[in-house]
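Below is query06.cif, holding mmCIF, C-alpha atoms.
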data_entry
#
loop_
_atom_site.label_atom_id
_atom_site.label_comp_id
_atom_site.auth_asym_id
_atom_site.auth_seq_id
_atom_site.Cartn_x
_atom_site.Cartn_y
_atom_site.Cartn_z
CA MET A 1 92.81 124.03 134.77
CA SER A 2 94.20 120.75 133.44
CA PRO A 3 97.50 119.17 134.58
CA ALA A 4 99.02 120.43 131.31
CA GLY A 5 97.95 124.02 132.07
CA PHE A 6 94.93 124.23 129.76
CA ARG A 7 92.28 126.56 131.23
CA LEU A 8 88.81 125.23 130.35
CA ASN A 9 86.01 127.70 129.55
CA ALA A 10 83.24 125.48 128.11
CA ILE A 11 82.47 122.01 126.76
CA GLU A 12 80.37 121.38 123.67
CA LEU A 13 79.03 117.93 122.73
CA VAL A 14 78.15 117.10 119.10
CA ARG A 15 76.53 113.71 118.64
CA LEU A 16 75.53 111.73 115.57
CA GLY A 17 71.93 112.10 114.44
CA GLY A 18 69.20 109.54 114.93
CA SER A 19 69.44 107.56 111.68
CA MET A 20 73.23 107.33 111.63
CA ASN A 21 73.47 106.58 115.34
CA ALA A 22 70.89 103.81 114.87
CA ALA A 23 72.98 102.38 112.03
CA LEU A 24 76.05 102.20 114.28
CA MET A 25 74.03 100.65 117.11
CA ASP A 26 72.79 97.94 114.72
CA MET A 27 76.33 96.82 113.91
CA ALA A 28 77.67 93.62 115.46
CA THR A 29 81.01 95.38 116.04
CA PRO A 30 80.48 98.26 118.53
CA ALA A 31 81.48 101.68 117.23
CA ALA A 32 84.40 103.37 118.98
CA ALA A 33 82.34 106.53 119.57
CA ASN A 34 79.10 108.23 118.59
CA GLY A 35 79.99 111.89 119.06
CA VAL A 36 82.65 114.57 119.49
CA ALA A 37 83.46 116.67 122.56
CA LEU A 38 84.79 120.18 121.95
CA LEU A 39 86.80 121.67 124.83
CA HIS A 40 87.04 125.46 124.56
CA GLY A 41 89.69 127.23 126.57
CA THR A 42 93.06 128.96 126.74
CA LEU A 43 96.57 127.54 126.44
CA PRO A 44 98.99 128.00 129.34
CA ALA A 45 100.98 131.22 129.56
CA VAL A 46 104.52 130.13 128.65
CA ARG A 47 107.43 131.53 126.67
CA PRO A 48 106.70 131.67 122.89
CA ALA A 49 109.32 129.03 122.17
CA ASP A 50 107.63 126.65 124.64
CA LEU A 51 104.10 127.05 123.33
CA PRO A 52 104.23 124.18 120.75
CA LYS A 53 105.45 121.83 123.49
CA ALA A 54 102.72 123.04 125.87
CA LEU A 55 100.12 122.39 123.16
CA GLN A 56 101.52 118.88 122.74
CA PHE A 57 100.96 118.15 126.44
CA CYS A 58 97.44 119.60 126.31
CA VAL A 59 96.26 117.36 123.44
CA ASP A 60 97.99 114.20 124.68
CA ILE A 61 95.41 111.93 126.33
CA ASP A 62 97.35 108.68 126.08
CA ARG A 63 96.92 106.84 129.37
CA GLN A 64 100.54 105.65 129.13
CA HIS A 65 101.98 109.17 128.90
CA ARG A 66 102.58 111.29 132.00
CA HIS A 67 100.65 108.70 134.02
CA GLY A 68 97.46 109.49 132.08
CA ALA A 69 96.80 112.64 134.13
CA GLN A 70 95.50 114.67 131.18
CA ARG A 71 93.16 111.87 130.09
CA GLN A 72 91.77 111.51 133.59
CA TRP A 73 91.21 115.25 133.79
CA VAL A 74 89.33 115.33 130.44
CA SER A 75 87.20 112.36 131.53
CA GLY A 76 86.32 114.20 134.73
CA GLN A 77 85.07 117.25 132.79
CA LEU A 78 82.66 115.28 130.57
CA PRO A 79 79.00 115.02 131.63
CA ASN A 80 77.67 111.85 133.19
CA GLY A 81 77.22 109.08 130.64
CA CYS A 82 80.04 110.33 128.41
CA ARG A 83 83.51 108.84 128.19
CA ILE A 84 86.58 109.03 125.96
CA ALA A 85 86.83 106.34 123.30
CA GLU A 86 89.37 103.68 124.17
CA THR A 87 91.08 104.11 120.81
CA GLN A 88 91.53 107.88 121.24
CA ARG A 89 95.05 108.73 122.36
CA LYS A 90 95.38 112.29 121.10
CA MET A 91 92.92 115.15 120.69
CA ASN A 92 92.62 117.16 117.51
CA HIS A 93 93.13 120.83 118.19
CA GLY A 94 92.09 124.22 116.90
CA VAL A 95 94.35 127.05 118.06
CA PHE A 96 94.73 130.78 117.35
CA VAL A 97 97.93 132.59 118.38
CA THR A 98 98.60 136.31 118.18
CA ALA A 99 101.46 138.54 119.31
CA ARG A 100 101.48 141.95 120.96
CA ARG A 101 103.74 143.31 118.23
CA GLU A 102 105.00 140.63 115.82
CA LEU A 103 105.52 136.88 115.90
CA PRO A 104 109.03 135.84 116.98
CA ARG A 105 110.94 133.34 114.88
CA LEU A 106 111.09 129.84 116.34
CA ASP A 107 113.84 128.46 114.10
CA GLU A 108 116.59 130.75 112.83
CA ASN A 109 117.88 128.11 110.41
CA SER A 110 114.57 127.67 108.60
CA GLY A 111 113.75 129.38 105.34
CA LEU A 112 110.13 129.90 106.38
CA ASP A 113 108.94 133.21 107.75
CA ALA A 114 107.86 133.50 111.38
CA ALA A 115 104.17 132.83 110.62
CA GLY A 116 105.03 129.70 108.64
CA GLN A 117 107.22 128.40 111.46
CA TRP A 118 104.44 128.90 113.98
CA LEU A 119 101.85 127.22 111.77
CA TRP A 120 103.96 124.13 111.13
CA LYS A 121 105.02 123.64 114.75
CA LEU A 122 101.55 124.23 116.14
CA LEU A 123 99.91 121.93 113.61
CA ASN A 124 102.39 119.16 114.36
CA THR A 125 102.64 120.03 118.09
CA THR A 126 106.41 119.70 118.11
CA GLU A 127 109.44 121.73 119.16
CA TYR A 128 111.82 119.98 116.77
CA ALA A 129 113.52 121.77 113.88
CA LEU A 130 111.46 122.25 110.72
CA PRO A 131 112.16 119.78 107.88
CA ILE A 132 112.99 120.87 104.36
CA GLU A 133 109.53 119.91 103.06
CA ALA A 134 107.72 122.00 105.71
CA GLY A 135 106.94 124.75 103.21
CA GLU A 136 105.31 122.32 100.77
CA GLU A 137 103.21 120.78 103.54
CA LEU A 138 101.96 124.19 104.62
CA GLU A 139 101.07 125.16 101.07
CA GLU A 140 98.98 122.00 100.62
CA SER A 141 97.00 122.64 103.80
CA ARG A 142 96.76 126.45 103.59
CA LEU A 143 93.41 128.15 104.19
CA ARG A 144 92.10 131.38 102.71
CA LEU A 145 91.44 133.60 105.71
CA PRO A 146 90.99 137.37 106.25
CA ALA A 147 93.94 139.72 106.04
CA HIS A 148 96.53 139.54 108.83
CA VAL A 149 95.43 135.95 109.61
CA ARG A 150 97.08 132.84 108.20
CA GLY A 151 95.89 129.31 108.85
CA VAL A 152 96.38 125.67 107.92
CA ALA A 153 94.25 122.57 108.55
CA GLY A 154 95.17 118.92 108.43
CA ALA A 155 94.73 115.55 110.06
CA ARG A 156 95.71 116.93 113.50
CA GLY A 157 93.38 119.91 113.43
CA LEU A 158 93.45 123.63 112.67
CA CYS A 159 96.03 126.33 113.44
CA MET A 160 95.83 130.09 112.86
CA VAL A 161 98.23 132.91 113.64
CA GLY A 162 97.93 136.69 113.56
CA THR A 163 100.76 137.99 111.39
CA ALA A 164 100.86 141.41 113.07
CA ALA A 165 99.63 143.28 116.11
CA ASP A 166 95.86 143.76 116.32
CA PRO A 167 94.95 146.34 113.60
CA ASN A 168 92.41 147.96 115.95
CA PRO A 169 94.22 148.21 119.30
CA GLU A 170 92.34 151.36 120.29
CA GLN A 171 88.89 149.80 119.93
CA ALA A 172 86.94 148.21 122.74
CA SER A 173 87.48 144.50 123.23
CA ASP A 174 84.31 143.55 121.34
CA TYR A 175 85.47 145.41 118.23
CA GLN A 176 89.10 144.41 118.00
CA TYR A 177 90.10 142.78 114.75
CA TYR A 178 91.38 139.45 116.07
CA ASP A 179 88.32 138.96 118.26
CA GLY A 180 86.38 138.09 115.11
CA SER A 181 88.82 135.29 114.27
CA SER A 182 88.64 134.02 117.84
CA TYR A 183 84.85 133.98 117.61
CA HIS A 184 84.94 132.06 114.31
CA LEU A 185 87.36 129.54 115.79
CA ALA A 186 85.03 128.85 118.72
CA THR A 187 81.93 128.56 116.50
CA LEU A 188 82.09 127.92 112.75
CA TYR A 189 85.62 126.52 112.59
CA ALA A 190 85.00 124.29 115.62
CA ASP A 191 81.85 122.98 113.93
CA ALA A 192 83.90 122.16 110.84
CA LEU A 193 86.35 120.16 112.95
CA ALA A 194 83.44 118.41 114.67
CA LEU A 195 81.85 117.47 111.32
CA ALA A 196 85.11 115.99 110.08
CA GLY A 197 85.43 114.06 113.35
CA LEU A 198 81.92 112.62 112.98
CA GLN A 199 82.69 111.57 109.43
CA GLN A 200 85.80 109.73 110.58
CA ILE A 201 83.86 107.98 113.37
CA VAL A 202 81.25 106.68 110.92
CA LEU A 203 83.76 105.54 108.30
CA ASP A 204 85.87 103.74 110.92
CA ALA A 205 82.78 101.95 112.23
CA PHE A 206 81.68 100.96 108.72
CA GLY A 207 85.16 99.69 107.92
CA ARG A 208 85.28 97.42 110.98
CA GLU A 209 81.80 96.07 110.27
CA VAL A 210 82.61 95.31 106.62
CA ALA A 211 85.80 93.53 107.71
CA ARG A 212 83.78 91.42 110.15
CA MET A 213 81.19 90.57 107.49
CA GLY A 214 83.95 89.45 105.15
CA GLU A 215 85.13 86.80 107.61
CA SER A 216 82.10 84.60 106.81
CA GLU A 217 79.56 84.24 104.06
CA PRO A 218 77.67 87.58 103.92
CA LEU A 219 73.90 87.74 104.33
CA ARG A 220 71.86 89.53 101.68
CA ARG A 221 69.80 91.48 104.24
CA LYS A 222 72.88 92.74 106.09
CA VAL A 223 74.73 93.76 102.94
CA GLY A 224 71.66 95.60 101.64
CA GLN A 225 71.24 97.43 104.95
CA MET A 226 74.91 98.48 104.95
CA GLU A 227 74.59 99.82 101.41
CA ARG A 228 71.52 101.88 102.39
CA ASP A 229 73.23 103.22 105.52
CA LEU A 230 76.31 104.19 103.52
CA LEU A 231 74.11 105.97 100.96
CA ILE A 232 72.41 107.94 103.76
CA PHE A 233 75.83 108.89 105.14
CA ARG A 234 77.08 110.05 101.75
CA ARG A 235 74.01 112.21 101.13
CA SER A 236 73.94 113.72 104.64
CA TYR A 237 77.16 113.90 106.65
CA TRP A 238 79.58 113.56 103.74
CA ALA A 239 77.74 116.01 101.48
CA ALA A 240 77.14 118.59 104.24
CA ASP A 241 78.69 122.02 103.69
CA PHE A 242 78.66 125.47 105.28
CA GLY A 243 77.11 127.42 102.45
CA ARG A 244 79.11 130.53 101.63
CA GLN A 245 81.61 129.90 104.44
CA ALA A 246 84.40 128.73 102.13
CA ALA A 247 86.93 128.56 104.99
CA CYS A 248 84.81 126.01 106.87
CA THR A 249 84.40 123.86 103.78
CA ALA A 250 88.17 124.03 103.20
CA ILE A 251 88.83 122.96 106.81
CA VAL A 252 86.62 119.89 106.42
CA ARG A 253 88.23 119.04 103.08
CA ASN A 254 91.77 119.38 104.42
CA VAL A 255 91.08 117.28 107.51
CA ARG A 256 89.40 114.58 105.41
CA ARG A 257 92.32 114.52 103.00
CA GLY A 258 94.88 114.37 105.81
CA CYS A 259 93.06 111.45 107.48
CA GLY A 260 92.58 109.58 104.21
CA LEU A 261 88.78 109.64 104.48
CA PRO A 262 88.04 109.93 100.72
CA GLU A 263 90.10 106.79 100.10
CA ALA A 264 88.36 105.04 103.00
CA LEU A 265 84.94 105.91 101.59
CA GLN A 266 85.86 104.66 98.13
CA SER A 267 87.24 101.46 99.63
CA LEU A 268 83.97 100.91 101.51
CA VAL A 269 81.95 101.34 98.32
CA THR A 270 84.18 98.84 96.52
CA ASP A 271 84.12 96.31 99.37
CA LEU A 272 80.34 96.46 99.73
CA GLY A 273 80.01 95.98 95.98
CA GLU A 274 82.21 92.88 96.23
CA LEU A 275 80.13 91.53 99.13
CA ALA A 276 76.95 92.11 97.11
CA ARG A 277 78.49 90.23 94.18
CA GLN A 278 79.37 87.31 96.47
CA VAL A 279 75.81 87.23 97.83
CA GLN A 280 74.41 87.16 94.29
CA ALA A 281 76.80 84.40 93.28
CA ALA A 282 75.91 82.35 96.36
CA GLU A 283 72.18 82.71 95.71
CA THR A 284 72.63 81.68 92.08
CA GLU A 285 74.61 78.62 93.13
CA THR A 286 71.94 77.71 95.69
CA THR A 287 69.19 78.02 93.08
CA ASN A 288 71.11 75.79 90.69
CA ALA A 289 71.61 73.23 93.44
CA ILE A 290 67.90 73.19 94.25
CA LEU A 291 66.95 72.81 90.59
CA GLY A 292 69.46 69.99 90.24
CA LEU A 293 68.03 68.34 93.33
CA LEU A 294 64.51 68.52 91.89
CA ALA A 295 65.70 67.15 88.57
CA ALA A 296 67.70 64.27 90.07
CA ILE A 297 65.05 63.19 92.60
CA GLY A 298 61.75 64.64 91.48
CA LEU A 299 61.86 63.48 87.87
CA PRO A 300 62.70 59.78 88.58
CA LEU A 301 60.23 59.78 91.48
CA ALA A 302 57.39 61.23 89.39
CA THR A 303 58.12 58.82 86.54
CA GLY A 304 58.25 55.83 88.90
CA LEU A 305 54.97 56.75 90.59
CA ALA A 306 53.29 57.22 87.23
CA ILE A 307 54.43 53.76 86.16
CA TRP A 308 53.35 52.26 89.53
CA GLN A 309 49.86 53.70 89.17
CA GLY A 310 49.54 52.09 85.73
CA LEU A 311 50.36 48.61 86.97
CA SER A 312 47.52 46.07 87.19
CA GLN A 313 48.53 45.27 90.76
CA ALA A 314 49.50 48.59 92.40
CA ASP A 315 50.14 47.18 95.84
CA ALA A 316 52.60 48.09 98.58
CA ALA A 317 55.26 45.63 97.42
CA SER A 318 55.32 47.12 93.92
CA LEU A 319 55.47 50.62 95.46
CA TYR A 320 58.57 49.69 97.46
CA ARG A 321 60.19 48.25 94.34
CA THR A 322 59.37 51.43 92.43
CA LEU A 323 60.86 53.62 95.16
CA GLY A 324 63.97 51.44 95.25
CA ILE A 325 64.43 51.79 91.50
CA THR A 326 63.93 55.57 91.86
CA CYS A 327 66.64 55.82 94.54
CA LEU A 328 69.00 53.72 92.42
CA THR A 329 68.37 55.98 89.42
CA THR A 330 69.13 59.06 91.53
CA VAL A 331 72.41 57.53 92.73
CA LEU A 332 73.39 56.61 89.17
CA LEU A 333 72.64 60.16 88.00
CA MET A 334 74.89 61.61 90.71
CA ILE A 335 77.67 59.19 89.76
CA ALA A 336 77.29 59.90 86.06
CA PHE A 337 77.21 63.69 86.44
CA PRO A 338 79.98 65.08 88.74
CA GLY A 339 78.57 68.59 88.38
CA LEU A 340 75.31 67.49 89.98
CA ARG A 341 77.23 65.94 92.86
CA ARG A 342 79.14 69.18 93.39
CA LEU A 343 75.89 71.13 93.53
CA PHE A 344 74.61 68.86 96.32
CA THR A 345 77.87 69.14 98.23
CA SER A 346 78.01 72.94 97.98
CA LEU A 347 74.36 73.27 99.00
CA PHE A 348 74.68 71.32 102.26
CA HIS A 349 78.15 72.74 102.98
CA ARG A 350 76.73 76.28 102.73
CA ARG A 351 73.91 75.45 105.11
CA ARG A 352 76.40 74.19 107.70
CA ARG A 353 78.51 77.35 107.40
CA ARG A 354 75.47 79.59 107.94
CA ARG A 355 74.62 77.68 111.11
#

Could you render the structure from this file as structure tokens?
Amino acid sequence: MSPAGFRLNAIELVRLGGSMNAALMDMATPAAANGVALLHGTLPAVRPADLPKALQFCVDIDRQHRHGAQRQWVSGQLPNGCRIAETQRKMNHGVFVTARRELPRLDENSGLDAAGQWLWKLLNTTEYALPIEAGEELEESRLRLPAHVRGVAGARGLCMVGTAADPNPEQASDYQYYDGSSYHLATLYADALALAGLQQIVLDAFGREVARMGESEPLRRKVGQMERDLLIFRRSYWAADFGRQAACTAIVRNVRRGCGLPEALQSLVTDLGELARQVQAAETETTNAILGLLAAIGLPLATGLAIWQGLSQADAASLYRTLGITCLTTVLLMIAFPGLRRLFTSLFHRRRRRR
């Protein structure tokens, strides 16, 4: 049992696959994490009105809060070689709450029914009064679940409530109605939360790496590799679904929308396109500078050597004079054509920046 009263039953680790994990390992900026830990268990037995507050303590792993006791406890439950990401201060949660008879109201002044009040407070892990826009927020994140079960999913996780007593109270435990929802929460719905978490880990890592690459002149090889890795991510993790399990797909979609992941993905595509354009522009400018260098030096030099070979006395002294005239011609060309001088300057300046 954790300091916050959470009774742990099992731990499940879901790690990124080989290709995507290799892509994160190849980045100059270390990724914050490479997997998700799912902690399955039971919330503490408290009064109904205190349950949202108890859930808040259970998911809080900020080392500055409550002396970091919950974070230390979670770290102690993880297998050897695993640790909590330094940037993680709060756990996402998936919770299912039922009542022996009917759900009590948590806020008498709210226009929401009892199930709506429970969903909003559990999703936001708060005991404060419900705002006016709570109903609209619940409608945007609502899930289509079996009868007598209502649920919402968002950036903080997934919450479900049973709207009535178990429809099959006389059945054995394995055949009670709400046991099916509990089983789905611990399996399919937990997998959906894990998939959304992995997607956020990858997009955060890609965003930090693109920001680092933008601080200096990007390299063509690195930009091309990032574009290929992002394509693999979009066709694997991002495009993954759960087949006919529409509720799981809706959970992933709601969590992604709440965390702003679609906007982050589109921003990455745009930023990588801009970096690729800058690489192409830099290569074109380098090619122009090299061609200008060949024209300004190679042409006078070739002409001078051809004239020197045609002289009746092609000795060393005449060769030095020819080379001197060639150098003077090159200098005059650079003075006469400012664009050529700028090409030289940009070429050597770019080489210094790459070093």

Given the PyMOL selection byres ((chain A and resi 40-55) around 7), the residues it picks as a ChimeraX atom specification: /A:5-11,38-39,56-59,106,121-122,125-127

With distances taken over only C-alpha atoms, which residue among A:Ile307, A:Ala165, A:Ala276, A:Ile251 lies nearest Leu193 of chain A? A:Ile251

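Here atom CA of Leu203 of chain A is placed at a distance of 8.2 Å from atom CA of Leu268 of chain A.
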
Long-range neighbours of Leu261 of chain A as a PyMOL selection string, 9 Å cut-off, all atoms listed in the file, 4 positions minimum in chain: chain A and resi 199-200+203+255-257+265-266

Next, dump the selected residues to file, keeping only C-alpha atoms, as an mmCIF file, in the frame of the given file.
data_model
loop_
_atom_site.group_PDB
_atom_site.id
_atom_site.type_symbol
_atom_site.label_atom_id
_atom_site.label_comp_id
_atom_site.auth_asym_id
_atom_site.auth_seq_id
_atom_site.Cartn_x
_atom_site.Cartn_y
_atom_site.Cartn_z
ATOM 1 C CA GLN A 199 82.690 111.570 109.430
ATOM 2 C CA GLN A 200 85.800 109.730 110.580
ATOM 3 C CA LEU A 203 83.760 105.540 108.300
ATOM 4 C CA VAL A 255 91.080 117.280 107.510
ATOM 5 C CA ARG A 256 89.400 114.580 105.410
ATOM 6 C CA ARG A 257 92.320 114.520 103.000
ATOM 7 C CA LEU A 265 84.940 105.910 101.590
ATOM 8 C CA GLN A 266 85.860 104.660 98.130
#

Closest of A:Thr326, A:Ser216, A:Gln280, A:Thr287 to Ala302 of chain A - atom-to-atom distances counting only C-alpha atoms: A:Thr326

Atoms are missing here; could segment 93-104 of chain A be completed with all heavy atoms and written as a PDB file, keeping the file's coordinate frame?
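Just written: selection.pdb:
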ATOM      1  N   HIS A  93      93.129 119.517 117.565  1.00  0.00           N
ATOM      2  CA  HIS A  93      93.130 120.830 118.190  1.00  0.00           C
ATOM      3  C   HIS A  93      92.850 121.918 117.169  1.00  0.00           C
ATOM      4  O   HIS A  93      93.150 121.776 115.980  1.00  0.00           O
ATOM      5  CB  HIS A  93      94.478 121.110 118.875  1.00  0.00           C
ATOM      6  CG  HIS A  93      95.641 121.066 117.925  1.00  0.00           C
ATOM      7  ND1 HIS A  93      96.272 119.896 117.569  1.00  0.00           N
ATOM      8  CD2 HIS A  93      96.293 122.058 117.260  1.00  0.00           C
ATOM      9  CE1 HIS A  93      97.264 120.143 116.733  1.00  0.00           C
ATOM     10  NE2 HIS A  93      97.290 121.454 116.524  1.00  0.00           N
ATOM     11  N   GLY A  94      92.252 122.993 117.658  1.00  0.00           N
ATOM     12  CA  GLY A  94      92.090 124.220 116.900  1.00  0.00           C
ATOM     13  C   GLY A  94      92.639 125.361 117.745  1.00  0.00           C
ATOM     14  O   GLY A  94      92.179 125.584 118.872  1.00  0.00           O
ATOM     15  N   VAL A  95      93.642 126.069 117.241  1.00  0.00           N
ATOM     16  CA  VAL A  95      94.350 127.050 118.060  1.00  0.00           C
ATOM     17  C   VAL A  95      94.575 128.329 117.251  1.00  0.00           C
ATOM     18  O   VAL A  95      94.792 128.285 116.033  1.00  0.00           O
ATOM     19  CB  VAL A  95      95.702 126.466 118.561  1.00  0.00           C
ATOM     20  CG1 VAL A  95      96.593 126.075 117.408  1.00  0.00           C
ATOM     21  CG2 VAL A  95      96.393 127.448 119.485  1.00  0.00           C
ATOM     22  N   PHE A  96      94.489 129.466 117.951  1.00  0.00           N
ATOM     23  CA  PHE A  96      94.730 130.780 117.350  1.00  0.00           C
ATOM     24  C   PHE A  96      95.725 131.529 118.231  1.00  0.00           C
ATOM     25  O   PHE A  96      95.480 131.731 119.418  1.00  0.00           O
ATOM     26  CB  PHE A  96      93.420 131.556 117.222  1.00  0.00           C
ATOM     27  CG  PHE A  96      93.576 132.904 116.595  1.00  0.00           C
ATOM     28  CD1 PHE A  96      94.436 133.115 115.529  1.00  0.00           C
ATOM     29  CD2 PHE A  96      92.846 133.991 117.065  1.00  0.00           C
ATOM     30  CE1 PHE A  96      94.575 134.361 114.942  1.00  0.00           C
ATOM     31  CE2 PHE A  96      92.968 135.249 116.502  1.00  0.00           C
ATOM     32  CZ  PHE A  96      93.837 135.424 115.435  1.00  0.00           C
ATOM     33  N   VAL A  97      96.842 131.929 117.640  1.00  0.00           N
ATOM     34  CA  VAL A  97      97.930 132.590 118.380  1.00  0.00           C
ATOM     35  C   VAL A  97      98.176 133.959 117.761  1.00  0.00           C
ATOM     36  O   VAL A  97      98.276 134.104 116.536  1.00  0.00           O
ATOM     37  CB  VAL A  97      99.216 131.738 118.328  1.00  0.00           C
ATOM     38  CG1 VAL A  97     100.378 132.504 118.968  1.00  0.00           C
ATOM     39  CG2 VAL A  97      99.006 130.401 119.035  1.00  0.00           C
ATOM     40  N   THR A  98      98.260 134.955 118.620  1.00  0.00           N
ATOM     41  CA  THR A  98      98.600 136.310 118.180  1.00  0.00           C
ATOM     42  C   THR A  98      99.744 136.838 119.042  1.00  0.00           C
ATOM     43  O   THR A  98     100.048 136.284 120.097  1.00  0.00           O
ATOM     44  CB  THR A  98      97.391 137.251 118.288  1.00  0.00           C
ATOM     45  OG1 THR A  98      96.998 137.324 119.661  1.00  0.00           O
ATOM     46  CG2 THR A  98      96.232 136.747 117.448  1.00  0.00           C
ATOM     47  N   ALA A  99     100.351 137.915 118.572  1.00  0.00           N
ATOM     48  CA  ALA A  99     101.460 138.540 119.310  1.00  0.00           C
ATOM     49  C   ALA A  99     101.133 139.998 119.575  1.00  0.00           C
ATOM     50  O   ALA A  99     100.350 140.621 118.849  1.00  0.00           O
ATOM     51  CB  ALA A  99     102.756 138.434 118.505  1.00  0.00           C
ATOM     52  N   ARG A 100     101.727 140.541 120.635  1.00  0.00           N
ATOM     53  CA  ARG A 100     101.480 141.950 120.960  1.00  0.00           C
ATOM     54  C   ARG A 100     102.010 142.866 119.860  1.00  0.00           C
ATOM     55  O   ARG A 100     101.387 143.865 119.512  1.00  0.00           O
ATOM     56  CB  ARG A 100     102.143 142.304 122.291  1.00  0.00           C
ATOM     57  CG  ARG A 100     101.538 141.570 123.482  1.00  0.00           C
ATOM     58  CD  ARG A 100     102.191 142.027 124.776  1.00  0.00           C
ATOM     59  NE  ARG A 100     101.662 141.301 125.929  1.00  0.00           N
ATOM     60  CZ  ARG A 100     100.559 141.648 126.580  1.00  0.00           C
ATOM     61  NH1 ARG A 100      99.887 142.742 126.201  1.00  0.00           N
ATOM     62  NH2 ARG A 100     100.134 140.942 127.608  1.00  0.00           N
ATOM     63  N   ARG A 101     103.162 142.492 119.291  1.00  0.00           N
ATOM     64  CA  ARG A 101     103.740 143.310 118.230  1.00  0.00           C
ATOM     65  C   ARG A 101     103.906 142.475 116.963  1.00  0.00           C
ATOM     66  O   ARG A 101     103.223 142.683 115.981  1.00  0.00           O
ATOM     67  CB  ARG A 101     105.090 143.890 118.675  1.00  0.00           C
ATOM     68  CG  ARG A 101     104.967 144.839 119.863  1.00  0.00           C
ATOM     69  CD  ARG A 101     106.325 145.390 120.266  1.00  0.00           C
ATOM     70  NE  ARG A 101     106.224 146.317 121.413  1.00  0.00           N
ATOM     71  CZ  ARG A 101     106.180 145.936 122.675  1.00  0.00           C
ATOM     72  NH1 ARG A 101     106.244 144.635 122.975  1.00  0.00           N
ATOM     73  NH2 ARG A 101     106.075 146.826 123.637  1.00  0.00           N
ATOM     74  N   GLU A 102     104.805 141.507 116.967  1.00  0.00           N
ATOM     75  CA  GLU A 102     105.000 140.630 115.820  1.00  0.00           C
ATOM     76  C   GLU A 102     105.441 139.251 116.318  1.00  0.00           C
ATOM     77  O   GLU A 102     105.968 139.121 117.430  1.00  0.00           O
ATOM     78  CB  GLU A 102     106.053 141.191 114.859  1.00  0.00           C
ATOM     79  CG  GLU A 102     107.427 141.361 115.477  1.00  0.00           C
ATOM     80  CD  GLU A 102     108.434 141.920 114.484  1.00  0.00           C
ATOM     81  OE1 GLU A 102     108.015 142.414 113.419  1.00  0.00           O
ATOM     82  OE2 GLU A 102     109.634 141.855 114.787  1.00  0.00           O
ATOM     83  N   LEU A 103     105.185 138.238 115.514  1.00  0.00           N
ATOM     84  CA  LEU A 103     105.520 136.880 115.900  1.00  0.00           C
ATOM     85  C   LEU A 103     107.029 136.679 115.908  1.00  0.00           C
ATOM     86  O   LEU A 103     107.713 137.034 114.928  1.00  0.00           O
ATOM     87  CB  LEU A 103     104.880 135.877 114.927  1.00  0.00           C
ATOM     88  CG  LEU A 103     103.357 135.755 114.974  1.00  0.00           C
ATOM     89  CD1 LEU A 103     102.874 134.912 113.798  1.00  0.00           C
ATOM     90  CD2 LEU A 103     102.918 135.122 116.292  1.00  0.00           C
ATOM     91  N   PRO A 104     107.583 136.125 116.965  1.00  0.00           N
ATOM     92  CA  PRO A 104     109.030 135.840 116.980  1.00  0.00           C
ATOM     93  C   PRO A 104     109.328 134.592 116.152  1.00  0.00           C
ATOM     94  O   PRO A 104     108.482 133.705 115.990  1.00  0.00           O
ATOM     95  CB  PRO A 104     109.324 135.610 118.455  1.00  0.00           C
ATOM     96  CG  PRO A 104     108.040 135.084 119.011  1.00  0.00           C
ATOM     97  CD  PRO A 104     106.940 135.766 118.258  1.00  0.00           C
TER      98      PRO A 104
END
